[in-house]
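Colleague: Sharing final-v4.cif below, mmCIF, C-alpha atoms:
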data_entry
loop_
_atom_site.label_atom_id
_atom_site.label_comp_id
_atom_site.auth_asym_id
_atom_site.auth_seq_id
_atom_site.Cartn_x
_atom_site.Cartn_y
_atom_site.Cartn_z
CA MET A 1 26.86 16.74 7.23
CA PHE A 2 23.13 17.33 7.04
CA MET A 3 22.73 17.72 10.78
CA ARG A 4 25.62 20.14 10.83
CA PHE A 5 23.87 22.24 8.21
CA ILE A 6 20.67 22.16 10.26
CA TYR A 7 22.51 23.29 13.38
CA LYS A 8 24.26 26.05 11.50
CA PHE A 9 21.06 27.17 9.81
CA SER A 10 19.20 27.20 13.08
CA SER A 11 21.74 29.45 14.76
CA PRO A 12 19.92 32.78 15.04
CA PRO A 13 22.57 35.17 13.58
CA TYR A 14 23.24 32.84 10.65
CA PHE A 15 19.54 32.42 9.92
CA TYR A 16 18.98 36.16 10.11
CA ALA A 17 21.79 36.87 7.67
CA ILE A 18 21.08 34.16 5.13
CA SER A 19 17.32 34.76 5.06
CA ALA A 20 18.00 38.36 4.05
CA LYS A 21 20.03 37.10 1.11
CA MET A 22 17.36 34.58 0.10
CA LEU A 23 14.42 36.95 0.07
CA PRO A 24 15.09 38.80 -3.23
CA TRP A 25 15.57 35.53 -5.13
CA LEU A 26 12.43 34.05 -3.65
CA THR A 27 10.48 37.17 -4.61
CA VAL A 28 11.62 36.88 -8.23
CA LEU A 29 10.74 33.18 -8.31
CA PHE A 30 7.34 33.92 -6.79
CA LEU A 31 6.52 36.61 -9.34
CA VAL A 32 7.56 34.41 -12.29
CA LEU A 33 5.46 31.47 -11.11
CA LEU A 34 2.51 33.72 -10.27
CA GLY A 35 2.68 35.56 -13.58
CA TYR A 36 2.71 32.38 -15.61
CA GLY A 37 0.06 30.75 -13.44
CA LEU A 38 -2.31 33.72 -13.68
CA TYR A 39 -1.84 34.10 -17.42
CA GLY A 40 -2.35 30.38 -17.95
CA GLY A 41 -5.31 30.15 -15.61
CA LEU A 42 -7.21 33.25 -16.66
CA VAL A 43 -6.28 33.49 -20.35
CA THR A 44 -4.98 30.34 -22.02
CA ALA A 45 -6.83 27.61 -20.08
CA PRO A 46 -10.06 26.67 -21.87
CA ALA A 47 -13.42 27.07 -20.13
CA ASP A 48 -14.79 23.93 -18.48
CA TYR A 49 -17.39 21.85 -20.35
CA GLN A 50 -19.83 22.05 -17.45
CA GLN A 51 -18.88 25.03 -15.35
CA GLY A 52 -17.76 27.49 -18.01
CA ASP A 53 -15.48 30.25 -16.78
CA SER A 54 -16.52 29.92 -13.13
CA PHE A 55 -14.13 26.97 -12.84
CA ARG A 56 -11.23 29.46 -13.03
CA ILE A 57 -11.71 30.00 -9.29
CA ILE A 58 -9.88 26.65 -9.02
CA TYR A 59 -6.58 28.49 -9.56
CA VAL A 60 -6.87 30.33 -6.26
CA HIS A 61 -9.13 27.96 -4.36
CA VAL A 62 -7.21 24.71 -4.72
CA PRO A 63 -3.69 26.09 -4.06
CA ALA A 64 -5.03 27.93 -1.00
CA ALA A 65 -6.67 24.75 0.28
CA TRP A 66 -3.51 22.71 -0.32
CA MET A 67 -1.41 25.31 1.47
CA SER A 68 -3.83 25.45 4.41
CA MET A 69 -3.07 21.77 5.06
CA PHE A 70 0.61 21.83 4.10
CA ILE A 71 1.35 24.75 6.43
CA TYR A 72 -0.50 23.05 9.25
CA VAL A 73 1.71 19.98 8.89
CA VAL A 74 4.86 22.12 8.79
CA MET A 75 3.67 24.01 11.86
CA ALA A 76 2.94 20.81 13.79
CA ILE A 77 6.19 19.09 12.84
CA SER A 78 8.40 22.06 13.65
CA GLY A 79 6.41 22.53 16.85
CA GLY A 80 7.13 18.89 17.70
CA ILE A 81 10.85 19.36 16.94
CA GLY A 82 10.86 22.38 19.22
CA LEU A 83 9.17 20.34 21.91
CA VAL A 84 11.63 17.44 21.79
CA TRP A 85 14.95 19.07 20.90
CA ARG A 86 14.19 22.60 22.22
CA ILE A 87 15.53 24.23 19.05
CA LYS A 88 14.57 27.88 19.21
CA LEU A 89 14.26 28.32 15.46
CA ALA A 90 11.83 25.38 15.21
CA GLU A 91 9.56 27.10 17.73
CA ILE A 92 9.76 30.31 15.74
CA VAL A 93 9.01 28.62 12.42
CA SER A 94 6.04 26.89 14.02
CA ILE A 95 4.34 30.00 15.37
CA SER A 96 5.25 32.14 12.34
CA SER A 97 3.45 29.63 10.13
CA ALA A 98 0.19 29.96 12.02
CA SER A 99 -0.99 33.29 10.68
CA VAL A 100 0.01 32.47 7.09
CA GLY A 101 -1.85 29.18 7.37
CA ALA A 102 -4.89 30.87 8.88
CA SER A 103 -5.16 33.32 5.99
CA PHE A 104 -4.86 30.52 3.41
CA THR A 105 -7.57 28.56 5.22
CA PHE A 106 -9.79 31.63 5.23
CA LEU A 107 -9.11 32.13 1.51
CA ALA A 108 -9.90 28.49 0.73
CA LEU A 109 -13.24 28.82 2.53
CA VAL A 110 -14.23 32.15 0.97
CA THR A 111 -13.18 31.32 -2.59
CA GLY A 112 -14.91 27.96 -2.20
CA SER A 113 -18.04 29.78 -1.16
CA LEU A 114 -17.76 32.09 -4.17
CA TRP A 115 -17.48 29.00 -6.34
CA GLY A 116 -20.23 27.03 -4.59
CA LYS A 117 -22.88 29.71 -4.96
CA PRO A 118 -23.05 29.73 -8.78
CA MET A 119 -22.31 26.01 -9.25
CA TRP A 120 -23.95 24.14 -6.39
CA GLY A 121 -26.54 26.78 -5.66
CA ALA A 122 -25.46 27.49 -2.07
CA TRP A 123 -22.80 29.64 -0.38
CA TRP A 124 -22.31 27.10 2.35
CA VAL A 125 -23.36 23.54 3.13
CA TRP A 126 -22.48 21.55 6.24
CA ASP A 127 -20.85 18.68 4.45
CA ALA A 128 -17.80 16.87 5.82
CA ARG A 129 -15.23 18.58 3.58
CA LEU A 130 -16.38 22.12 4.31
CA THR A 131 -16.91 21.50 8.01
CA SER A 132 -13.48 19.93 8.54
CA GLU A 133 -11.84 22.86 6.72
CA LEU A 134 -13.73 25.26 9.00
CA ILE A 135 -12.42 23.33 12.00
CA LEU A 136 -8.92 23.82 10.57
CA LEU A 137 -9.49 27.59 10.63
CA PHE A 138 -10.58 27.40 14.26
CA LEU A 139 -7.48 25.35 15.10
CA TYR A 140 -5.27 28.03 13.57
CA LEU A 141 -7.12 30.80 15.40
CA GLY A 142 -6.91 28.83 18.64
CA ILE A 143 -3.16 28.44 18.21
CA ILE A 144 -2.64 32.14 17.50
CA GLY A 145 -4.83 33.05 20.47
CA LEU A 146 -3.11 30.65 22.85
CA TYR A 147 0.34 31.88 21.84
CA SER A 148 -0.50 35.53 22.37
CA GLY A 149 -2.20 34.68 25.67
CA ILE A 150 0.92 33.29 27.33
CA GLU A 151 3.48 35.83 28.45
CA ASP A 152 6.63 33.70 28.38
CA LYS A 153 7.20 32.86 24.73
CA ARG A 154 9.08 29.61 25.31
CA THR A 155 6.23 28.27 27.44
CA ALA A 156 3.77 29.56 24.88
CA SER A 157 5.62 27.69 22.12
CA ARG A 158 5.33 24.43 24.01
CA ALA A 159 1.63 24.86 24.68
CA VAL A 160 1.01 25.78 21.05
CA ALA A 161 3.04 22.79 19.78
CA ILE A 162 0.89 20.38 21.77
CA LEU A 163 -2.33 21.93 20.44
CA ALA A 164 -0.93 21.82 16.89
CA LEU A 165 0.04 18.16 17.24
CA VAL A 166 -3.39 17.24 18.57
CA GLY A 167 -5.01 19.01 15.61
CA VAL A 168 -3.00 17.03 13.06
CA VAL A 169 -5.75 14.41 13.19
CA ASN A 170 -7.93 16.85 11.23
CA ILE A 171 -5.63 16.80 8.18
CA PRO A 172 -6.37 13.25 6.95
CA ILE A 173 -10.03 13.88 7.79
CA ILE A 174 -10.10 16.88 5.45
CA HIS A 175 -8.35 14.98 2.68
CA TYR A 176 -10.42 11.78 2.85
CA SER A 177 -13.75 13.38 3.84
CA VAL A 178 -14.91 13.28 0.21
CA GLU A 179 -14.26 9.53 0.06
CA TRP A 180 -15.46 8.45 3.48
CA TRP A 181 -18.82 10.19 3.36
CA ASN A 182 -21.38 11.26 0.78
CA THR A 183 -20.43 14.90 0.45
CA LEU A 184 -21.61 17.63 -1.86
CA HIS A 185 -17.97 18.50 -2.49
CA GLN A 186 -16.59 16.38 -5.33
CA GLY A 187 -13.69 13.98 -4.95
CA ALA A 188 -9.99 14.63 -5.45
CA THR A 189 -8.90 15.65 -8.93
CA VAL A 190 -5.12 15.98 -8.98
CA THR A 191 -4.01 13.71 -6.15
CA LYS A 192 -5.94 10.69 -7.33
CA LEU A 193 -3.57 7.74 -7.54
CA ASP A 194 -4.45 6.99 -11.13
CA LYS A 195 -4.01 9.83 -13.58
CA PRO A 196 -5.48 13.24 -12.68
CA SER A 197 -8.88 13.88 -14.22
CA ILE A 198 -8.16 17.37 -15.39
CA HIS A 199 -7.19 18.38 -18.91
CA ILE A 200 -3.46 19.07 -19.26
CA ASP A 201 -4.02 22.69 -20.43
CA MET A 202 -5.95 23.32 -17.23
CA LEU A 203 -3.57 21.36 -15.00
CA ILE A 204 -0.31 23.14 -15.85
CA PRO A 205 -1.42 26.63 -14.68
CA LEU A 206 -2.78 24.99 -11.52
CA LEU A 207 0.62 23.49 -10.76
CA PHE A 208 2.30 26.85 -11.39
CA MET A 209 -0.14 28.57 -9.03
CA ALA A 210 0.47 25.87 -6.43
CA GLY A 211 4.22 26.49 -6.79
CA ALA A 212 3.73 30.24 -6.48
CA PHE A 213 1.68 29.83 -3.30
CA LYS A 214 4.35 27.58 -1.83
CA VAL A 215 7.10 30.14 -2.51
CA TYR A 216 4.83 32.84 -1.11
CA TYR A 217 4.49 30.86 2.12
CA PHE A 218 8.27 30.59 2.32
CA ILE A 219 8.67 34.35 1.87
CA ALA A 220 5.99 35.19 4.43
CA LEU A 221 7.46 32.63 6.83
CA LEU A 222 10.97 34.09 6.57
CA LEU A 223 9.70 37.64 7.11
CA ARG A 224 7.71 36.66 10.18
CA SER A 225 10.44 34.41 11.58
CA ARG A 226 12.98 37.26 11.33
CA ASN A 227 10.67 39.52 13.31
CA GLU A 228 9.98 36.88 15.92
CA LEU A 229 13.71 36.21 16.22
CA LEU A 230 14.49 39.89 16.80
CA GLU A 231 11.82 40.06 19.50
CA ARG A 232 13.04 36.98 21.33
CA GLU A 233 16.77 37.63 21.01
CA GLN A 234 16.59 41.37 21.62
CA ASN A 235 19.26 41.30 24.35
CA ALA A 236 21.69 39.05 22.50
CA LYS A 237 25.11 40.24 21.47
CA TRP A 238 24.66 39.60 17.76
CA ILE A 239 21.73 42.01 17.78
CA ASP A 240 24.01 44.74 19.18
CA GLU A 241 26.31 44.30 16.19
CA LEU A 242 23.35 44.17 13.84
CA LEU A 243 21.91 47.42 15.18
CA GLU A 244 25.30 49.13 14.81
CA ASN A 245 25.16 48.37 11.10
CA VAL A 246 21.56 49.60 10.73
CA LYS A 247 22.55 53.06 11.94
CA MET B 1 -11.28 42.19 -23.89
CA SER B 2 -14.65 42.90 -22.32
CA GLU B 3 -15.42 39.24 -22.87
CA PHE B 4 -12.41 38.42 -20.72
CA PHE B 5 -13.67 40.56 -17.87
CA ALA B 6 -17.20 39.16 -18.19
CA MET B 7 -15.93 35.62 -17.40
CA GLY B 8 -18.92 34.04 -19.13
CA GLY B 9 -21.32 35.76 -16.73
CA TYR B 10 -19.42 34.73 -13.60
CA ALA B 11 -17.44 37.98 -13.35
CA PHE B 12 -18.59 38.76 -9.80
CA TYR B 13 -17.61 35.38 -8.38
CA VAL B 14 -14.33 34.99 -10.28
CA TRP B 15 -13.02 38.52 -9.73
CA THR B 16 -14.06 38.67 -6.08
CA ALA B 17 -12.19 35.42 -5.45
CA TYR B 18 -9.05 36.66 -7.22
CA GLY B 19 -9.26 40.14 -5.73
CA LEU B 20 -9.61 38.88 -2.18
CA THR B 21 -6.70 36.49 -2.64
CA PHE B 22 -4.55 39.31 -4.00
CA VAL B 23 -5.40 41.70 -1.15
CA LEU B 24 -4.84 39.13 1.60
CA MET B 25 -1.54 37.93 0.16
CA LEU B 26 -0.29 41.50 -0.25
CA LEU B 27 -1.25 42.34 3.35
CA GLY B 28 0.54 39.18 4.48
CA ILE B 29 3.79 40.64 3.11
CA ILE B 30 3.34 44.32 3.99
CA LYS B 31 2.46 43.67 7.62
CA PRO B 32 5.67 41.83 8.59
CA LEU B 33 7.77 44.31 6.59
CA LEU B 34 6.35 47.27 8.51
CA ASN B 35 6.66 45.31 11.72
CA HIS B 36 10.35 44.66 11.00
CA LYS B 37 11.10 48.38 10.68
CA HIS B 38 9.13 49.04 13.84
CA ILE B 39 11.04 46.42 15.84
CA LEU B 40 14.45 47.65 14.64
CA ARG B 41 13.61 51.23 15.58
CA ARG B 42 12.38 50.19 19.00
CA LEU B 43 15.49 48.13 19.70
CA ILE B 44 17.80 50.99 18.66
CA LEU B 45 15.96 53.39 20.98
CA LYS B 46 16.18 50.86 23.78
CA ARG B 47 19.96 50.54 23.32
CA GLN B 48 20.39 54.31 23.36
CA ARG B 49 18.38 54.65 26.53
CA GLU B 50 20.50 51.98 28.21
CA LYS B 51 23.70 53.83 27.25
CA THR B 52 22.61 57.19 28.57
CA SER B 53 21.23 55.93 31.85
CA MET C 1 20.19 14.22 28.00
CA ARG C 2 19.69 11.85 25.09
CA ILE C 3 17.28 9.70 27.12
CA VAL C 4 15.21 12.73 28.09
CA LYS C 5 14.72 13.65 24.42
CA LYS C 6 13.83 10.10 23.49
CA LYS C 7 11.29 10.02 26.29
CA ARG C 8 9.72 13.27 25.12
CA LEU C 9 9.56 11.98 21.55
CA MET C 10 7.90 8.73 22.64
CA LEU C 11 5.42 10.65 24.77
CA ILE C 12 4.43 12.85 21.84
CA LEU C 13 4.10 9.91 19.46
CA LEU C 14 1.99 8.08 22.02
CA MET C 15 -0.23 11.12 22.45
CA ILE C 16 -0.76 11.49 18.69
CA THR C 17 -1.53 7.78 18.25
CA GLY C 18 -4.04 7.98 21.07
CA ILE C 19 -5.79 10.96 19.51
CA PHE C 20 -5.96 9.28 16.11
CA ILE C 21 -7.52 6.14 17.61
CA ALA C 22 -10.00 8.17 19.67
CA THR C 23 -11.00 10.22 16.63
CA PHE C 24 -11.37 7.09 14.52
CA PHE C 25 -13.86 5.58 16.97
CA GLY C 26 -15.58 8.91 17.51
CA LEU C 27 -16.14 9.37 13.79
CA ARG C 28 -17.40 5.82 13.41
CA ALA C 29 -19.98 6.46 16.09
CA PHE C 30 -21.18 9.62 14.37
CA ASN C 31 -20.90 8.22 10.86
CA ASP C 32 -24.58 8.57 10.02
CA ASN C 33 -24.72 12.20 11.05
CA LEU C 34 -21.78 13.03 8.83
CA MET C 35 -23.54 11.56 5.81
CA TYR C 36 -24.52 14.59 3.81
CA PHE C 37 -27.18 12.79 1.76
CA PHE C 38 -29.04 9.51 1.30
CA SER C 39 -29.16 7.59 -1.96
CA ALA C 40 -32.27 6.50 -3.85
CA THR C 41 -31.67 2.92 -2.69
CA ASP C 42 -31.70 4.07 0.96
CA VAL C 43 -35.08 5.71 0.36
CA VAL C 44 -36.64 2.72 -1.42
CA GLU C 45 -35.38 0.37 1.28
CA GLY C 46 -36.84 2.64 3.95
CA LYS C 47 -33.52 3.66 5.50
CA ALA C 48 -34.19 7.35 5.05
CA PRO C 49 -36.14 9.21 7.75
CA LYS C 50 -39.88 9.30 7.09
CA ASP C 51 -41.10 12.13 9.28
CA HIS C 52 -38.48 14.83 8.91
CA LEU C 53 -36.34 16.57 6.32
CA PHE C 54 -33.39 14.76 4.81
CA ARG C 55 -31.16 15.12 1.77
CA LEU C 56 -31.43 12.90 -1.26
CA GLY C 57 -28.57 12.63 -3.73
CA GLY C 58 -28.45 11.06 -7.15
CA MET C 59 -28.33 11.57 -10.88
CA VAL C 60 -31.15 13.18 -12.83
CA VAL C 61 -32.49 10.52 -15.23
CA LYS C 62 -32.23 11.62 -18.87
CA GLY C 63 -35.59 12.57 -20.33
CA SER C 64 -37.35 12.58 -16.96
CA VAL C 65 -37.48 16.33 -16.37
CA VAL C 66 -41.04 17.63 -16.73
CA ARG C 67 -41.71 21.34 -16.29
CA GLN C 68 -45.26 22.18 -15.33
CA PRO C 69 -46.72 24.81 -17.67
CA SER C 70 -47.82 26.98 -14.76
CA GLY C 71 -45.17 28.36 -12.43
CA LEU C 72 -41.71 27.10 -11.57
CA THR C 73 -42.56 23.56 -10.56
CA VAL C 74 -40.35 20.83 -11.99
CA GLN C 75 -40.65 17.08 -11.64
CA PHE C 76 -37.81 14.66 -12.35
CA VAL C 77 -36.51 11.22 -11.43
CA LEU C 78 -33.34 10.70 -9.40
CA THR C 79 -31.35 7.49 -9.66
CA ASP C 80 -28.30 5.93 -8.03
CA MET C 81 -28.06 3.41 -10.90
CA ALA C 82 -29.98 0.86 -8.81
CA LYS C 83 -33.24 2.42 -7.60
CA GLU C 84 -35.22 5.53 -8.58
CA VAL C 85 -37.12 8.22 -6.70
CA THR C 86 -39.39 10.90 -8.17
CA VAL C 87 -38.67 14.44 -7.01
CA GLN C 88 -40.83 17.53 -7.20
CA TYR C 89 -39.40 21.00 -6.74
CA THR C 90 -40.70 24.55 -7.01
CA GLY C 91 -38.11 27.27 -7.37
CA ILE C 92 -35.02 28.36 -9.22
CA LEU C 93 -32.59 25.60 -10.15
CA PRO C 94 -28.80 26.07 -10.00
CA ASP C 95 -26.87 26.71 -13.23
CA LEU C 96 -25.47 23.19 -13.31
CA PHE C 97 -28.87 21.49 -13.11
CA ARG C 98 -29.43 19.41 -16.21
CA GLU C 99 -30.34 15.88 -17.22
CA GLY C 100 -27.60 13.41 -16.37
CA GLN C 101 -26.22 15.73 -13.66
CA GLY C 102 -25.64 14.69 -10.07
CA ILE C 103 -27.74 16.71 -7.61
CA VAL C 104 -28.59 16.83 -3.92
CA ALA C 105 -32.13 17.77 -2.91
CA ASN C 106 -33.28 18.66 0.59
CA GLY C 107 -36.87 17.79 1.44
CA LYS C 108 -39.38 15.21 2.63
CA LEU C 109 -41.25 12.21 1.25
CA ASP C 110 -45.00 12.66 0.78
CA ALA C 111 -47.65 9.95 1.15
CA ASN C 112 -47.21 8.78 -2.46
CA GLY C 113 -43.48 8.30 -2.09
CA ILE C 114 -42.70 11.45 -4.06
CA PHE C 115 -39.83 13.50 -2.65
CA ILE C 116 -40.94 17.10 -2.19
CA ALA C 117 -37.74 19.17 -2.36
CA GLN C 118 -37.33 22.55 -0.72
CA GLU C 119 -33.83 23.09 -2.05
CA VAL C 120 -31.90 21.64 -4.96
CA LEU C 121 -28.07 21.76 -5.10
CA ALA C 122 -26.01 20.63 -8.07
CA LYS C 123 -23.07 18.31 -7.44
CA HIS C 124 -20.38 18.33 -10.07
CA ASP C 125 -17.75 15.68 -10.57
CA GLU C 126 -13.99 16.02 -10.19
CA ASN C 127 -13.35 16.12 -13.94
CA TYR C 128 -12.33 19.33 -15.66
CA MET C 129 -11.95 19.56 -19.43
CA PRO C 130 -12.71 21.84 -22.37
CA PRO C 131 -16.05 21.31 -24.20
CA GLU C 132 -14.38 19.82 -27.29
CA VAL C 133 -12.79 17.06 -25.25
CA ALA C 134 -16.03 16.40 -23.39
CA GLY C 135 -17.84 16.15 -26.74
CA SER C 136 -15.46 13.55 -28.12
CA MET C 137 -15.63 11.54 -24.91
CA LYS C 138 -19.40 11.21 -25.04
CA LYS C 139 -19.14 8.40 -27.61
CA VAL C 140 -17.48 6.26 -24.97
CA PRO C 141 -19.89 5.25 -22.20
CA THR C 142 -18.54 6.79 -19.02
CA GLU C 143 -19.02 5.71 -15.48
CA ALA C 144 -21.66 7.87 -13.83
CA THR C 145 -20.88 9.58 -10.55
CA PRO C 146 -23.76 9.97 -8.12
#
Can you give me the file's structure in the form of structure tokens?
Modeller:
Amino acid sequence: MFMRFIYKFSSPPYFYAISAKMLPWLTVLFLVLLGYGLYGGLVTAPADYQQGDSFRIIYVHVPAAWMSMFIYVVMAISGGIGLVWRIKLAEIVSISSASVGASFTFLALVTGSLWGKPMWGAWWVWDARLTSELILLFLYLGIIGLYSGIEDKRTASRAVAILALVGVVNIPIIHYSVEWWNTLHQGATVTKLDKPSIHIDMLIPLLFMAGAFKVYYFIALLLRSRNELLEREQNAKWIDELLENVK
Amino acid sequence: MSEFFAMGGYAFYVWTAYGLTFVLMLLGIIKPLLNHKHILRRLILKRQREKTS
Amino acid sequence: MRIVKKKRLMLILLMITGIFIATFFGLRAFNDNLMYFFSATDVVEGKAPKDHLFRLGGMVVKGSVVRQPSGLTVQFVLTDMAKEVTVQYTGILPDLFREGQGIVANGKLDANGIFIAQEVLAKHDENYMPPEVAGSMKKVPTEATP
């Protein structure tokens, strides 16, 4: 049952049609989550006892950092699925994730820098957390570069999937860097196994923002995957029918 | 209201972080949308050329 | 066809396991270089480098901050709850610098065992709460984070 759904969903014409129907709903969901998250984070959440209002950067910094890792894992797994089962849609999802992930990684680094300057006293330090996140950005850029450098897109997908799978090793390093080494970056707040050490009024907007970012990724991924699909399938019959309807 | 925008003296850092996030996320949606139109137009032209030739 | 896919899957899993093991040993070899700072105990026990710059992390001891009347020079004591090191710094301190705060200082030990800092960074903990809550929690002794 589940596998049948996967096969149906990964058939290009079906995916193209259903993603168009999903997009408006996802956009509404995104805007609701974002609106509540922003209002909660910027207005109703109290200022921090130590950091004052500068801590509000958490509401863009932390979701961006989470997404930078989450998207990488999605990209590597779907790349691996493409490698083993040669499912075209898995290859497309993998490469379409790369640029979204790269921009979230960039955002995590820049907003972290904007937070570090007033609080720590430095824009940048070479501690394990920051350095491993920078390596993540380079991995993303390497993947995008490699993909665009290979002419045949199916070969390119395979090469990119291997690079993505190799880079997965960086993900646990980023997450545990603050525990394994003495870093300037503080430890985990929300994902600690015992209860999160953040006040509930501050936590709820953070979770809403994290949800909004996740839906945003899904929207951006669908848009990019549709484009990639059109490019790759441009001579297929279902595209002929599709183009008839566009005119 | 002006207190809200002052962000306890951290206005520059807070608003730059939010502004940059907003701009990048918006671009991340606009770019593929424009690209989609572009691809469709190109494919239609390609089909027409194939018919006439 | 099935066997081919299984083979590919095994190959990929093998590759990933290999990379994880290699990285694990690589990181263990470079462990000391990844350490962003040394603790006060490391310094007292002579583990910290003597002749070149290193970073010292710890908590500012309450009541130890002495501002010299002339200029921007500050002297304070850093602790890791076991040993203590005196630090001297001339310059502007970050907003979060205060007694009881965790900080990281970059500098060198002088002949008297005083750490002459060139840069002071504040390290905050992973707790976020409004001031009222923090005020009510002060009555309970909390575990200090270095």
Colleague: Let me know the residues the PyMOL selection byres ((chain A and resi 187) around 6) catches in the file above, as a ChimeraX atom specification.
Modeller: /A:178,186,188 /C:126
Colleague: On this structure, which residues satisfy the PyMOL selection byres ((chain A and resi 185) around 8), written as an mmCIF file with C-alpha atoms, keeping the file's coordinate frame?
Modeller:
data_model
loop_
_atom_site.group_PDB
_atom_site.id
_atom_site.type_symbol
_atom_site.label_atom_id
_atom_site.label_comp_id
_atom_site.auth_asym_id
_atom_site.auth_seq_id
_atom_site.Cartn_x
_atom_site.Cartn_y
_atom_site.Cartn_z
ATOM 1 C CA ASP A 127 -20.850 18.680 4.450
ATOM 2 C CA ARG A 129 -15.230 18.580 3.580
ATOM 3 C CA LEU A 130 -16.380 22.120 4.310
ATOM 4 C CA VAL A 178 -14.910 13.280 0.210
ATOM 5 C CA THR A 183 -20.430 14.900 0.450
ATOM 6 C CA LEU A 184 -21.610 17.630 -1.860
ATOM 7 C CA GLN A 186 -16.590 16.380 -5.330
ATOM 8 C CA GLY A 187 -13.690 13.980 -4.950
ATOM 9 C CA LYS C 123 -23.070 18.310 -7.440
ATOM 10 C CA HIS C 124 -20.380 18.330 -10.070
#
Colleague: List the residues matched by the PyMOL selection byres ((chain B and resi 20-27) around 10) in the displayed structure as a list in words, ordered by chain and then by residue number.
Modeller: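 Residues picked by the PyMOL selection byres ((chain B and resi 20-27) around 10): Val60, His61, Ala64, Val100, Ser103, Phe104, Phe106, Leu107, Ala108, Val110, Thr111, Phe213, Tyr216, Tyr217 and Ala220 of chain A; Trp15, Thr16, Ala17, Tyr18, Gly19, Gly28, Ile29, Ile30, Lys31, Pro32 and Leu33 of chain B.
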Colleague: I'd like the interatomic distance between CA of Lys62 (chain C) and CA of Arg56 (chain A), to a tenth of an Å.
Modeller: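 These two atoms are separated by 28.2 Å.
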Colleague: For chain A, list the residues within 10 Å of chain B, counting all atoms listed in the file, and write the list as a count of residues only.
Modeller: 56
Colleague: Could you write out as a PDB file with C-alpha atoms, keeping the file's coordinate frame the residues of chain C within 9 Å of chain A, counting only C-alpha atoms?
Modeller:
ATOM      1  CA  VAL C   4      15.210  12.730  28.090  1.00  0.00           C
ATOM      2  CA  LYS C   5      14.720  13.650  24.420  1.00  0.00           C
ATOM      3  CA  LYS C   6      13.830  10.100  23.490  1.00  0.00           C
ATOM      4  CA  LYS C   7      11.290  10.020  26.290  1.00  0.00           C
ATOM      5  CA  ARG C   8       9.720  13.270  25.120  1.00  0.00           C
ATOM      6  CA  LEU C   9       9.560  11.980  21.550  1.00  0.00           C
ATOM      7  CA  ILE C  12       4.430  12.850  21.840  1.00  0.00           C
ATOM      8  CA  MET C  15      -0.230  11.120  22.450  1.00  0.00           C
ATOM      9  CA  ILE C  16      -0.760  11.490  18.690  1.00  0.00           C
ATOM     10  CA  ILE C  19      -5.790  10.960  19.510  1.00  0.00           C
ATOM     11  CA  PHE C  20      -5.960   9.280  16.110  1.00  0.00           C
ATOM     12  CA  THR C  23     -11.000  10.220  16.630  1.00  0.00           C
ATOM     13  CA  ASN C  31     -20.900   8.220  10.860  1.00  0.00           C
ATOM     14  CA  ASP C  32     -24.580   8.570  10.020  1.00  0.00           C
ATOM     15  CA  LEU C  34     -21.780  13.030   8.830  1.00  0.00           C
ATOM     16  CA  MET C  35     -23.540  11.560   5.810  1.00  0.00           C
ATOM     17  CA  TYR C  36     -24.520  14.590   3.810  1.00  0.00           C
ATOM     18  CA  PHE C  37     -27.180  12.790   1.760  1.00  0.00           C
ATOM     19  CA  PHE C  38     -29.040   9.510   1.300  1.00  0.00           C
ATOM     20  CA  GLY C  57     -28.570  12.630  -3.730  1.00  0.00           C
ATOM     21  CA  LEU C  93     -32.590  25.600 -10.150  1.00  0.00           C
ATOM     22  CA  PRO C  94     -28.800  26.070 -10.000  1.00  0.00           C
ATOM     23  CA  ASP C  95     -26.870  26.710 -13.230  1.00  0.00           C
ATOM     24  CA  LEU C  96     -25.470  23.190 -13.310  1.00  0.00           C
ATOM     25  CA  PHE C  97     -28.870  21.490 -13.110  1.00  0.00           C
ATOM     26  CA  ILE C 103     -27.740  16.710  -7.610  1.00  0.00           C
ATOM     27  CA  VAL C 104     -28.590  16.830  -3.920  1.00  0.00           C
ATOM     28  CA  GLU C 119     -33.830  23.090  -2.050  1.00  0.00           C
ATOM     29  CA  VAL C 120     -31.900  21.640  -4.960  1.00  0.00           C
ATOM     30  CA  LEU C 121     -28.070  21.760  -5.100  1.00  0.00           C
ATOM     31  CA  ALA C 122     -26.010  20.630  -8.070  1.00  0.00           C
ATOM     32  CA  LYS C 123     -23.070  18.310  -7.440  1.00  0.00           C
ATOM     33  CA  HIS C 124     -20.380  18.330 -10.070  1.00  0.00           C
ATOM     34  CA  ASP C 125     -17.750  15.680 -10.570  1.00  0.00           C
ATOM     35  CA  GLU C 126     -13.990  16.020 -10.190  1.00  0.00           C
ATOM     36  CA  ASN C 127     -13.350  16.120 -13.940  1.00  0.00           C
ATOM     37  CA  TYR C 128     -12.330  19.330 -15.660  1.00  0.00           C
ATOM     38  CA  MET C 129     -11.950  19.560 -19.430  1.00  0.00           C
ATOM     39  CA  PRO C 130     -12.710  21.840 -22.370  1.00  0.00           C
ATOM     40  CA  PRO C 131     -16.050  21.310 -24.200  1.00  0.00           C
ATOM     41  CA  GLU C 132     -14.380  19.820 -27.290  1.00  0.00           C
ATOM     42  CA  VAL C 133     -12.790  17.060 -25.250  1.00  0.00           C
ATOM     43  CA  ALA C 134     -16.030  16.400 -23.390  1.00  0.00           C
ATOM     44  CA  GLY C 135     -17.840  16.150 -26.740  1.00  0.00           C
TER      45      GLY C 135
END
Colleague: Excluding Asp80 (chain C) and residues on its chain fewer than 4 positions from it, collect all residues at most 10 Å away from it, counting only C-alpha atoms, and give them as a list of chain:residue names.
Modeller: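 Selected residues are C:Ser39, C:Ala40, C:Thr41, C:Asp42, C:Gly57, C:Gly58, C:Met59, C:Val60, C:Val61, C:Glu84, C:Val85, C:Gly102, C:Ala144, C:Thr145, C:Pro146.
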